[in-house]
$ cat input37.txt   # compact mmCIF, C-alpha atoms
# COMPACT_ATOMS: atom_id res chain seq x y z
CA MET K 130 150.87 149.58 93.59
CA SER K 131 153.58 147.14 94.58
CA PHE K 132 151.54 143.95 94.10
CA LYS K 133 149.36 142.18 91.57
CA LYS K 134 146.31 140.05 92.18
CA LYS K 135 148.44 136.92 92.03
CA ASN K 136 150.45 137.90 95.12
CA LEU K 137 147.57 139.54 96.95
CA LYS K 138 147.51 138.80 100.68
CA LEU K 139 143.94 139.53 101.66
CA ALA K 140 142.38 140.05 105.08
CA ILE K 141 138.71 140.58 105.89
CA ILE K 142 138.39 142.70 109.05
CA GLY K 143 135.16 141.82 110.86
CA LEU K 144 133.39 138.46 110.52
CA GLY K 145 129.76 139.38 111.01
CA TYR K 146 126.84 139.40 108.58
CA VAL K 147 128.97 141.18 105.96
CA GLY K 148 132.51 139.94 106.54
CA LEU K 149 131.88 136.21 106.82
CA PRO K 150 130.03 135.73 103.50
CA LEU K 151 132.61 137.96 101.80
CA ALA K 152 135.47 135.87 103.22
CA LEU K 153 133.78 132.64 102.15
CA GLU K 154 133.26 133.93 98.62
CA PHE K 155 136.86 135.11 98.23
CA GLU K 156 138.06 131.78 99.68
CA LYS K 157 136.83 130.11 96.52
CA LYS K 158 139.45 132.09 94.57
CA LYS K 159 142.39 132.80 96.90
CA ASN K 160 143.85 132.51 100.40
CA VAL K 161 142.03 134.74 102.88
CA LEU K 162 142.68 135.78 106.48
CA GLY K 163 139.41 136.30 108.34
CA PHE K 164 140.04 138.56 111.35
CA ASP K 165 137.74 139.50 114.22
CA ILE K 166 138.61 140.93 117.64
CA ASN K 167 135.86 138.77 119.17
CA GLU K 168 137.76 135.65 120.27
CA ARG K 169 134.52 133.79 120.96
CA ARG K 170 133.30 134.44 117.42
CA VAL K 171 136.56 133.20 115.94
CA LYS K 172 136.57 130.09 118.12
CA GLU K 173 133.00 129.27 117.09
CA LEU K 174 133.76 129.72 113.39
CA LYS K 175 136.79 127.46 113.69
CA SER K 176 134.53 124.79 115.19
CA GLY K 177 132.02 125.24 112.35
CA LYS K 178 129.39 127.24 114.25
CA ASP K 179 127.87 130.43 112.85
CA ARG K 180 125.69 132.00 115.53
CA ASN K 181 124.08 134.18 112.84
CA LEU K 182 122.69 131.01 111.24
CA GLU K 183 123.70 132.14 107.77
CA PHE K 184 126.07 129.22 107.16
CA SER K 185 125.97 125.57 108.20
CA LYS K 186 128.70 123.55 109.88
CA ASP K 187 129.25 121.67 106.63
CA GLN K 188 129.86 124.92 104.78
CA LEU K 189 132.40 126.12 107.34
CA LYS K 190 134.29 122.86 107.86
CA VAL K 191 135.29 122.37 104.22
CA LEU K 192 137.25 125.65 103.99
CA LYS K 193 140.88 125.20 102.95
CA LYS K 194 142.03 128.69 101.98
CA LEU K 195 140.38 130.67 104.79
CA LYS K 196 142.08 131.11 108.15
CA PHE K 197 140.09 132.56 111.06
CA THR K 198 142.05 134.55 113.65
CA SER K 199 141.77 137.11 116.43
CA ASN K 200 145.55 137.55 116.68
CA VAL K 201 146.53 141.01 115.40
CA GLU K 202 150.06 139.80 114.72
CA ASP K 203 148.67 137.73 111.86
CA LEU K 204 147.95 140.98 110.02
CA LYS K 205 151.64 141.73 109.52
CA SER K 206 151.77 139.73 106.30
CA VAL K 207 148.67 141.35 104.75
CA ASN K 208 148.83 143.85 101.89
CA CYS K 209 145.10 144.27 101.19
CA TYR K 210 142.54 144.87 103.92
CA ILE K 211 138.77 144.84 103.49
CA VAL K 212 136.99 146.48 106.44
CA THR K 213 133.47 145.24 107.24
CA VAL K 214 132.93 146.35 110.84
CA PRO K 215 129.53 147.66 112.04
CA THR K 216 128.73 151.38 111.82
CA PRO K 217 125.61 151.94 113.97
CA VAL K 218 124.15 155.14 115.42
CA ASP K 219 124.24 156.19 119.07
CA HIS K 220 121.30 157.02 121.35
CA LEU K 221 121.04 160.44 119.69
CA ASN K 222 120.98 158.85 116.22
CA LYS K 223 124.42 160.23 115.40
CA PRO K 224 126.96 158.06 113.53
CA ASP K 225 128.88 155.82 115.93
CA LEU K 226 132.20 155.24 114.18
CA LYS K 227 134.19 153.89 117.13
CA GLN K 228 134.58 150.40 115.66
CA LEU K 229 135.47 151.77 112.23
CA PHE K 230 138.11 154.09 113.64
CA ALA K 231 139.50 151.36 115.93
CA ALA K 232 139.87 149.00 112.95
CA THR K 233 141.49 151.78 110.92
CA GLU K 234 143.98 152.54 113.70
CA MET K 235 144.83 148.85 114.00
CA ILE K 236 145.47 148.60 110.26
CA GLY K 237 147.52 151.81 110.33
CA LYS K 238 149.99 150.21 112.72
CA PHE K 239 150.67 147.40 110.21
CA LEU K 240 150.46 149.45 107.01
CA LYS K 241 153.30 149.14 104.50
CA LYS K 242 154.15 150.92 101.28
CA GLY K 243 151.88 149.81 98.47
CA ASP K 244 149.12 148.48 100.74
CA LEU K 245 145.43 148.85 99.91
CA ILE K 246 142.55 149.35 102.34
CA ILE K 247 139.02 148.81 101.03
CA TYR K 248 136.07 149.86 103.19
CA GLU K 249 132.68 148.16 102.94
CA SER K 250 131.12 149.56 106.14
CA THR K 251 128.32 152.06 105.57
CA VAL K 252 129.49 155.66 106.12
CA TYR K 253 128.47 159.17 105.09
CA PRO K 254 129.95 160.74 101.93
CA GLY K 255 133.53 161.82 102.57
CA CYS K 256 134.15 159.65 105.62
CA VAL K 257 136.87 157.42 104.14
CA GLU K 258 139.06 160.23 102.81
CA GLU K 259 138.26 162.85 105.46
CA GLU K 260 138.16 160.68 108.59
CA CYS K 261 139.82 157.30 107.98
CA VAL K 262 142.75 158.37 105.82
CA PRO K 263 144.17 160.80 108.44
CA ILE K 264 144.11 157.96 110.99
CA LEU K 265 145.95 155.68 108.58
CA GLU K 266 148.54 158.37 107.88
CA LYS K 267 149.02 159.13 111.58
CA PHE K 268 149.68 155.55 112.68
CA SER K 269 151.66 154.45 109.61
CA ASN K 270 153.70 157.59 108.91
CA LEU K 271 152.90 156.99 105.26
CA ASN K 272 151.31 159.30 102.68
CA PHE K 273 147.90 158.66 101.11
CA ASN K 274 147.92 157.95 97.36
CA GLU K 275 151.71 157.86 97.39
CA ASP K 276 152.54 155.08 99.85
CA PHE K 277 149.13 153.49 100.40
CA PHE K 278 145.73 153.58 98.72
CA CYS K 279 142.04 153.21 99.56
CA GLY K 280 138.91 151.86 97.96
CA TYR K 281 135.25 151.78 98.88
CA SER K 282 132.76 149.09 97.89
CA PRO K 283 129.58 149.30 99.96
CA GLU K 284 128.16 146.04 101.25
CA ARG K 285 124.84 144.84 99.85
CA ILE K 286 124.37 141.80 102.06
CA ASN K 287 120.74 140.88 102.73
CA PRO K 288 120.68 138.68 105.89
CA GLY K 289 118.39 135.68 105.67
CA ASP K 290 118.03 135.94 101.88
CA LYS K 291 119.20 132.71 100.25
CA ASN K 292 118.39 133.93 96.74
CA HIS K 293 120.09 137.33 96.64
CA THR K 294 123.52 136.20 97.83
CA ILE K 295 126.76 138.17 97.65
CA SER K 296 127.82 136.80 94.27
CA ASN K 297 124.57 137.58 92.44
CA ILE K 298 124.06 141.15 93.68
CA LYS K 299 125.73 143.79 91.52
CA LYS K 300 128.57 145.50 93.41
CA VAL K 301 129.51 149.18 93.43
CA THR K 302 133.29 149.71 93.51
CA SER K 303 135.62 152.70 93.69
CA GLY K 304 139.24 153.63 94.33
CA SER K 305 141.32 156.60 95.42
CA THR K 306 143.09 156.79 92.03
CA PRO K 307 142.03 155.61 88.56
CA ILE K 308 144.49 152.70 88.71
CA ILE K 309 143.26 151.67 92.17
CA ALA K 310 139.64 151.97 91.03
CA ASP K 311 140.40 149.51 88.20
CA PHE K 312 142.18 147.15 90.59
CA VAL K 313 139.33 147.16 93.15
CA ASP K 314 136.78 146.64 90.38
CA GLU K 315 138.72 143.68 88.97
CA LEU K 316 139.21 142.19 92.45
CA TYR K 317 135.48 142.11 93.18
CA GLY K 318 134.81 141.04 89.62
CA GLU K 319 136.44 137.72 90.50
CA ILE K 320 133.61 136.82 92.89
CA ILE K 321 130.59 138.87 91.77
CA THR K 322 128.88 137.01 88.94
CA ALA K 323 126.22 139.73 88.65
CA GLY K 324 128.89 142.24 87.66
CA THR K 325 130.17 145.49 89.11
CA HIS K 326 129.52 149.21 88.75
CA LYS K 327 132.67 151.31 88.99
CA ALA K 328 131.83 154.67 90.54
CA PRO K 329 133.91 157.71 89.49
CA ASN K 330 135.23 158.26 93.01
CA ILE K 331 134.92 157.11 96.61
CA LYS K 332 132.47 159.83 97.67
CA VAL K 333 130.01 158.80 94.95
CA ALA K 334 130.17 155.18 96.13
CA GLU K 335 129.65 156.25 99.76
CA ALA K 336 126.66 158.40 98.79
CA ALA K 337 125.15 155.66 96.64
CA LYS K 338 125.07 153.30 99.61
CA VAL K 339 123.28 155.63 102.01
CA ILE K 340 120.64 156.71 99.49
CA GLU K 341 119.74 153.10 98.62
CA ASN K 342 118.36 152.52 102.08
CA THR K 343 117.17 156.11 102.55
CA GLN K 344 114.92 155.63 99.51
CA ARG K 345 113.46 152.42 100.97
CA ASP K 346 113.00 154.10 104.34
CA LEU K 347 111.02 156.94 102.80
CA ASN K 348 108.84 154.60 100.75
CA ILE K 349 107.98 152.56 103.84
CA ALA K 350 107.36 155.74 105.83
CA LEU K 351 104.83 156.87 103.22
CA ILE K 352 102.95 153.57 103.42
CA ASN K 353 103.09 153.64 107.23
CA GLU K 354 101.60 157.13 107.26
CA LEU K 355 98.92 156.06 104.81
CA SER K 356 98.04 153.06 106.98
CA ILE K 357 97.55 155.37 109.97
CA LEU K 358 95.35 157.67 107.88
CA PHE K 359 93.31 154.83 106.38
CA LYS K 360 92.66 153.37 109.81
CA LYS K 361 91.17 156.70 110.90
CA LEU K 362 89.09 156.69 107.72
CA ASN K 363 88.00 153.08 108.36
CA ILE K 364 89.54 151.92 105.07
CA ASP K 365 91.32 148.57 104.66
CA THR K 366 94.98 149.45 103.92
CA GLU K 367 95.74 146.06 102.40
CA ALA K 368 92.80 146.38 100.01
CA VAL K 369 93.98 149.86 98.98
CA LEU K 370 97.49 148.59 98.29
CA GLU K 371 96.15 145.67 96.25
CA ALA K 372 94.03 148.04 94.17
CA ALA K 373 96.83 150.57 93.65
CA GLY K 374 99.24 147.72 92.90
CA SER K 375 97.25 146.82 89.80
CA LYS K 376 99.10 149.67 88.06
CA TRP K 377 102.40 148.52 86.55
CA ASN K 378 104.59 151.19 88.14
CA PHE K 379 103.14 151.25 91.66
CA LEU K 380 105.88 150.26 94.15
CA PRO K 381 104.78 147.27 96.30
CA PHE K 382 105.74 148.46 99.78
CA LYS K 383 103.81 147.46 102.89
CA PRO K 384 103.45 149.09 106.30
CA GLY K 385 105.37 147.75 109.26
CA LEU K 386 108.13 148.16 111.78
CA VAL K 387 111.41 149.44 110.37
CA GLY K 388 114.73 148.51 111.93
CA GLY K 389 117.97 146.72 111.29
CA HIS K 390 121.49 147.90 110.62
CA CYS K 391 120.68 149.52 107.24
CA ILE K 392 117.25 151.07 106.67
CA GLY K 393 116.91 152.27 110.26
CA VAL K 394 120.47 153.64 110.35
CA ASP K 395 121.72 154.82 106.95
CA PRO K 396 119.40 157.86 106.65
CA TYR K 397 120.92 159.22 109.86
CA TYR K 398 124.39 159.03 108.32
CA LEU K 399 123.21 161.09 105.37
CA THR K 400 121.36 163.63 107.52
CA PHE K 401 124.40 163.98 109.80
CA LYS K 402 126.53 164.95 106.81
CA ALA K 403 123.80 167.23 105.46
CA LYS K 404 123.63 169.19 108.71
CA SER K 405 127.42 169.52 108.78
CA VAL K 406 127.26 171.54 105.55
CA GLY K 407 124.33 173.66 106.71
CA TYR K 408 121.44 171.83 105.06
CA PHE K 409 118.45 170.52 106.99
CA PRO K 410 117.04 167.40 105.23
CA ASN K 411 113.32 167.79 105.93
CA ILE K 412 111.91 164.87 103.95
CA ILE K 413 114.49 162.33 105.11
CA LEU K 414 114.05 163.20 108.77
CA SER K 415 110.25 163.26 108.45
CA GLY K 416 110.37 159.70 107.14
CA ARG K 417 112.63 158.65 109.98
CA LYS K 418 110.29 160.23 112.53
CA ILE K 419 107.33 158.27 111.18
CA ASN K 420 109.17 154.95 111.08
CA ASP K 421 110.84 155.41 114.46
CA ASN K 422 107.41 156.01 116.01
CA MET K 423 105.73 152.94 114.49
CA GLY K 424 106.60 150.72 117.46
CA ASN K 425 104.77 153.06 119.84
CA TYR K 426 101.87 153.33 117.40
CA VAL K 427 101.55 149.54 117.12
CA ALA K 428 101.57 149.11 120.90
CA SER K 429 98.99 151.88 121.37
CA GLU K 430 96.65 150.39 118.77
CA PHE K 431 97.05 146.97 120.32
CA ILE K 432 96.15 148.32 123.77
CA LYS K 433 93.08 150.03 122.30
CA GLU K 434 91.95 146.76 120.72
CA LEU K 435 92.38 144.89 124.01
CA LYS K 436 90.14 147.49 125.66
CA ASN K 437 87.60 147.22 122.85
CA ASN K 438 87.42 143.49 123.54
CA ASN K 439 87.00 144.05 127.29
CA ILE K 440 90.37 142.47 128.09
CA GLN K 441 92.02 143.91 131.18
CA ILE K 442 95.32 145.51 130.22
CA LYS K 443 97.20 145.17 133.49
CA GLY K 444 98.38 141.61 133.87
CA SER K 445 97.21 140.57 130.41
CA LYS K 446 99.25 137.72 128.94
CA ILE K 447 100.75 138.84 125.62
CA LEU K 448 102.91 136.89 123.16
CA ILE K 449 105.28 138.71 120.79
CA MET K 450 106.11 136.50 117.81
CA GLY K 451 109.30 137.67 116.11
CA LEU K 452 112.12 139.76 117.59
CA THR K 453 114.59 140.12 114.74
CA PHE K 454 114.64 143.13 112.43
CA LYS K 455 113.44 141.07 109.46
CA GLU K 456 112.20 137.61 108.54
CA ASN K 457 114.29 134.44 108.52
CA CYS K 458 117.45 135.93 110.00
CA SER K 459 118.89 136.10 113.51
CA ASP K 460 119.88 139.79 113.53
CA VAL K 461 118.15 141.69 116.36
CA ARG K 462 120.16 144.90 115.98
CA ASN K 463 117.94 147.97 116.00
CA SER K 464 114.81 145.83 115.75
CA GLY K 465 111.58 147.79 115.44
CA VAL K 466 109.99 145.37 117.92
CA LYS K 467 111.93 146.96 120.78
CA ASN K 468 109.62 149.96 121.18
CA VAL K 469 106.55 147.70 121.11
CA ILE K 470 107.94 145.63 123.98
CA GLU K 471 108.95 148.65 126.05
CA LYS K 472 105.53 150.30 125.70
CA LEU K 473 103.65 147.13 126.61
CA LYS K 474 105.86 146.75 129.67
CA LYS K 475 104.78 150.22 130.81
CA HIS K 476 101.17 149.02 130.67
CA ASN K 477 102.14 146.13 132.99
CA CYS K 478 101.40 143.45 130.43
CA LYS K 479 102.97 140.05 131.08
CA LEU K 480 105.09 139.37 128.03
CA ASP K 481 106.28 136.15 126.44
CA LEU K 482 108.78 136.47 123.61
CA TYR K 483 109.15 133.86 120.90
CA ASP K 484 111.56 133.81 117.98
CA PRO K 485 113.05 130.64 116.46
CA TRP K 486 115.93 132.63 114.94
CA ALA K 487 117.03 135.08 117.65
CA ASP K 488 119.82 134.27 120.09
CA LYS K 489 118.28 133.74 123.56
CA GLU K 490 121.20 135.30 125.43
CA GLU K 491 121.09 138.41 123.28
CA ILE K 492 117.34 138.80 123.78
CA LYS K 493 117.68 138.37 127.55
CA LYS K 494 120.35 141.08 127.55
CA LEU K 495 118.26 143.45 125.41
CA TYR K 496 114.84 143.07 127.04
CA GLY K 497 115.37 141.37 130.38
CA VAL K 498 112.90 138.71 129.25
CA THR K 499 113.70 135.08 128.49
CA THR K 500 112.44 133.83 125.13
CA ASN K 501 110.11 130.85 125.05
CA SER K 502 111.31 127.63 123.49
CA SER K 503 107.77 126.21 123.36
CA LEU K 504 104.25 127.65 123.38
CA ASN K 505 101.20 126.45 125.32
CA HIS K 506 97.59 126.41 124.15
CA ASN K 507 94.85 128.57 125.68
CA THR K 508 97.40 130.90 127.28
CA TYR K 509 97.34 134.36 125.72
CA ASP K 510 95.00 137.34 125.78
CA GLY K 511 96.78 138.74 122.78
CA ILE K 512 99.43 137.99 120.18
CA ILE K 513 101.46 140.36 118.02
CA ILE K 514 102.96 138.73 114.93
CA ALA K 515 105.78 141.22 114.39
CA VAL K 516 108.08 139.39 111.96
CA ALA K 517 107.19 137.28 108.91
CA HIS K 518 109.29 134.24 109.74
CA LYS K 519 108.62 131.24 107.52
CA LYS K 520 108.08 129.09 110.61
CA PHE K 521 105.17 131.30 111.73
CA LYS K 522 103.49 130.86 108.36
CA GLU K 523 104.02 127.10 108.61
CA MET K 524 102.37 127.06 112.05
CA GLY K 525 99.15 128.16 110.39
CA GLU K 526 96.16 130.15 111.60
CA THR K 527 94.59 127.35 113.64
CA GLU K 528 97.74 126.64 115.65
CA ILE K 529 98.20 130.33 116.49
CA LEU K 530 94.52 130.75 117.40
CA ASN K 531 94.82 127.75 119.72
CA LEU K 532 97.50 129.56 121.69
CA CYS K 533 94.93 132.16 122.73
CA LYS K 534 92.18 132.27 125.30
CA GLU K 535 88.61 132.37 124.02
CA LYS K 536 88.57 136.18 124.13
CA ASN K 537 91.69 137.48 122.38
CA VAL K 538 93.32 139.98 120.04
CA ILE K 539 95.77 138.93 117.32
CA TYR K 540 97.68 141.72 115.58
CA ASP K 541 99.11 140.45 112.27
CA LEU K 542 101.59 143.20 111.37
CA LYS K 543 103.05 141.41 108.37
CA TYR K 544 99.84 140.28 106.61
CA LEU K 545 100.92 136.64 107.02
CA PHE K 546 97.39 135.29 107.34
CA SER K 547 93.93 135.97 105.96
CA LYS K 548 92.11 139.02 107.23
CA ASP K 549 89.05 136.84 107.92
CA LYS K 550 90.84 135.08 110.79
CA PHE K 551 93.15 137.86 111.99
CA SER K 552 91.28 141.06 111.21
CA PHE K 553 93.49 143.37 113.30
CA ARG K 554 96.45 144.64 111.31
CA LEU K 555 98.15 147.83 110.18
$ encode --input "input37.txt" --output "structure tokens"
Amino acid sequence: MSFKKKNLKLAIIGLGYVGLPLALEFEKKKNVLGFDINERRVKELKSGKDRNLEFSKDQLKVLKKLKFTSNVEDLKSVNCYIVTVPTPVDHLNKPDLKQLFAATEMIGKFLKKGDLIIYESTVYPGCVEEECVPILEKFSNLNFNEDFFCGYSPERINPGDKNHTISNIKKVTSGSTPIIADFVDELYGEIITAGTHKAPNIKVAEAAKVIENTQRDLNIALINELSILFKKLNIDTEAVLEAAGSKWNFLPFKPGLVGGHCIGVDPYYLTFKAKSVGYFPNIILSGRKINDNMGNYVASEFIKELKNNNIQIKGSKILIMGLTFKENCSDVRNSGVKNVIEKLKKHNCKLDLYDPWADKEEIKKLYGVTTNSSLNHNTYDGIIIAVAHKKFKEMGETEILNLCKEKNVIYDLKYLFSKDKFSFRL
């Protein structure tokens, strides 16, 4: 390589849930260029506003070594790029790599001899070297591992988690040559206090990322299937889990909606690659099928309970509490609540949506329903507590019960409250 860490000119490509915390952490050690094609996002960050609510204005205004930009010309001086753009799935659950490829093409046009591109975006094994490298070569007219190099260090950001932050989560690293692997590992070692794990090659690092979330997906799918079975057997799922959890090696998963940009997506990246080499991944896809269907199951069970309580379905006033994919974060991407809302709409329920974290404009765009900023007492025939936001817990059982009419159904999906008050749950 033509540069050392001391003359590294670093750019983070993509300033979302992954890129922004990474840029802020590197800023503590060196000058960083934070790039995003979204001009509005860049303008907001410059003013100290993070719409994802991960960082405060005070945290953003004190930055001295981090420059935010949406001007591609600013990338001309960079010699190390870290790519953190989203890699979702499309409507057929196939990898949607448009943003990754667009970022790669953009970098390729600025690439110089000796430059390094590190990918953090989740991909399937082989994607960096088989898909991204040819794009880099095409637009730069340079040769891989001769003129430029690549690394892969999968993101492990956990939105909303103030304890497991980027610096204290162990980081997997890799490089396209042994020397590059050492360099990438040392680079991340500057900011990761929890240490790093240097994988033997890029494909291993790519595979490690997708199986992390595939494993969690399958564990949750098992508990979801058990909760469906136990309901038919008239057995309390929570009581079963508490009893089984008394054994030291029982994994403490709970049933619920599964979504987000990782657990609900990464297994599809792995299964896509599996099918491309002629292998059908039965277990992985079975888990996905169960978890993808949980929104419909929740809505169906809720409708049944309304009927059991002699509450008319059509025109019933229903409150959905929580719209993000997980607690205490603003990310609504691939939220498991979406299917619940769509099914209740088909039953002509009148829906109110409430989430203190979610962006109102984004929710309006997704569901065509405006979120409530305040809640009125004695209003609802039913409530579904879909996300375990801290604020919901702080509201307390009495406050939530007071939102309902005398005859009501409250579905506590996340076991936030005692079963004595809210007996209807997964």
$ residues_around --input "input37.txt" --residues "range 464-481 of chain K" --least-positions-apart "2" --cutoff "7 Å" --atoms "all atoms listed in the file" --output "PDB file with C-alpha atoms, in the frame of the given file"
ATOM      1  CA  LEU K 386     108.130 148.160 111.780  1.00  0.00           C
ATOM      2  CA  VAL K 387     111.410 149.440 110.370  1.00  0.00           C
ATOM      3  CA  GLY K 388     114.730 148.510 111.930  1.00  0.00           C
ATOM      4  CA  GLY K 389     117.970 146.720 111.290  1.00  0.00           C
ATOM      5  CA  GLY K 424     106.600 150.720 117.460  1.00  0.00           C
ATOM      6  CA  ASN K 425     104.770 153.060 119.840  1.00  0.00           C
ATOM      7  CA  VAL K 427     101.550 149.540 117.120  1.00  0.00           C
ATOM      8  CA  ALA K 428     101.570 149.110 120.900  1.00  0.00           C
ATOM      9  CA  ILE K 442      95.320 145.510 130.220  1.00  0.00           C
ATOM     10  CA  LYS K 443      97.200 145.170 133.490  1.00  0.00           C
ATOM     11  CA  GLY K 444      98.380 141.610 133.870  1.00  0.00           C
ATOM     12  CA  SER K 445      97.210 140.570 130.410  1.00  0.00           C
ATOM     13  CA  LYS K 446      99.250 137.720 128.940  1.00  0.00           C
ATOM     14  CA  ILE K 447     100.750 138.840 125.620  1.00  0.00           C
ATOM     15  CA  LEU K 448     102.910 136.890 123.160  1.00  0.00           C
ATOM     16  CA  ILE K 449     105.280 138.710 120.790  1.00  0.00           C
ATOM     17  CA  LEU K 452     112.120 139.760 117.590  1.00  0.00           C
ATOM     18  CA  THR K 453     114.590 140.120 114.740  1.00  0.00           C
ATOM     19  CA  PHE K 454     114.640 143.130 112.430  1.00  0.00           C
ATOM     20  CA  VAL K 461     118.150 141.690 116.360  1.00  0.00           C
ATOM     21  CA  ARG K 462     120.160 144.900 115.980  1.00  0.00           C
ATOM     22  CA  TYR K 483     109.150 133.860 120.900  1.00  0.00           C
ATOM     23  CA  THR K 500     112.440 133.830 125.130  1.00  0.00           C
ATOM     24  CA  ASN K 501     110.110 130.850 125.050  1.00  0.00           C
ATOM     25  CA  ALA K 515     105.780 141.220 114.390  1.00  0.00           C
TER      26      ALA K 515
END
$ atom_distance --input "input37.txt" --atom1 "CA of Gln441 in chain K" --atom2 "CA of Lys534 in chain K"
13.0 Å
$ residues_around --input "input37.txt" --residues "Ile514 in chain K" --least-positions-apart "4" --cutoff "10 Å" --atoms "all atoms listed in the file" --output "short mmCIF file (atom, residue, chain, number, x, y, z; two decimals) with C-alpha atoms, in the frame of the given file"
data_model
loop_
_atom_site.label_atom_id
_atom_site.label_comp_id
_atom_site.auth_asym_id
_atom_site.auth_seq_id
_atom_site.Cartn_x
_atom_site.Cartn_y
_atom_site.Cartn_z
CA LEU K 448 102.91 136.89 123.16
CA ILE K 449 105.28 138.71 120.79
CA MET K 450 106.11 136.50 117.81
CA GLY K 451 109.30 137.67 116.11
CA LEU K 452 112.12 139.76 117.59
CA TYR K 483 109.15 133.86 120.90
CA HIS K 518 109.29 134.24 109.74
CA PHE K 521 105.17 131.30 111.73
CA ILE K 529 98.20 130.33 116.49
CA ILE K 539 95.77 138.93 117.32
CA TYR K 540 97.68 141.72 115.58
CA ASP K 541 99.11 140.45 112.27
CA LEU K 542 101.59 143.20 111.37
CA LYS K 543 103.05 141.41 108.37
CA TYR K 544 99.84 140.28 106.61
CA LEU K 545 100.92 136.64 107.02
CA ARG K 554 96.45 144.64 111.31
#
$ closest_residue --input "input37.txt" --among "K:Asp488, K:Leu532, K:Ile513, K:Phe409" --to "Ile432 in chain K" --atoms "all atoms listed in the file"
K:Ile513
$ closest_residue --input "input37.txt" --among "K:Gly177, K:Gly243, K:Pro283, K:Pro288" --to "Gly145 in chain K" --atoms "only C-alpha atoms"
K:Pro288
$ atom_distance --input "input37.txt" --atom1 "CA of Val161 in chain K" --atom2 "CA of Pro329 in chain K"
27.8 Å
$ residues_around --input "input37.txt" --residues "Asn531 in chain K" --least-positions-apart "5" --cutoff "9 Å" --atoms "all atoms listed in the file" --output "list in words"
Asn505, His506, Asn507, Thr508 and Glu526 of chain K
$ closest_residue --input "input37.txt" --among "K:Thr400, K:Asn411, K:Ser269, K:Asn439" --to "Ile340 in chain K" --atoms "all atoms listed in the file"
K:Thr400
$ closest_residue --input "input37.txt" --among "K:Glu319, K:Glu354, K:Glu523, K:Asp225" --to "Thr366 in chain K" --atoms "all atoms listed in the file"
K:Glu354
$ atom_distance --input "input37.txt" --atom1 "CA of Thr294 in chain K" --atom2 "CA of Leu137 in chain K"
24.3 Å
$ closest_residue --input "input37.txt" --among "K:Lys548, K:Arg417, K:Lys172, K:Lys238" --to "Glu367 in chain K" --atoms "only C-alpha atoms"
K:Lys548
$ axis_aligned_box --input "input37.txt" --around "range 199-218 of chain K" --padding-each-side "4 Å" --output "AutoDock Vina command-line options"
--center_x 138.0 --center_y 146.1 --center_z 108.9 --size_x 35.6 --size_y 26.0 --size_z 23.5
$ residues_near_point --input "input37.txt" --point "(129.0, 144.0, 99.0)" --cutoff "6 Å" --atoms "all atoms listed in the file" --output "list in words"
Pro283, Glu284, Arg285, Ile286 and Lys300 of chain K
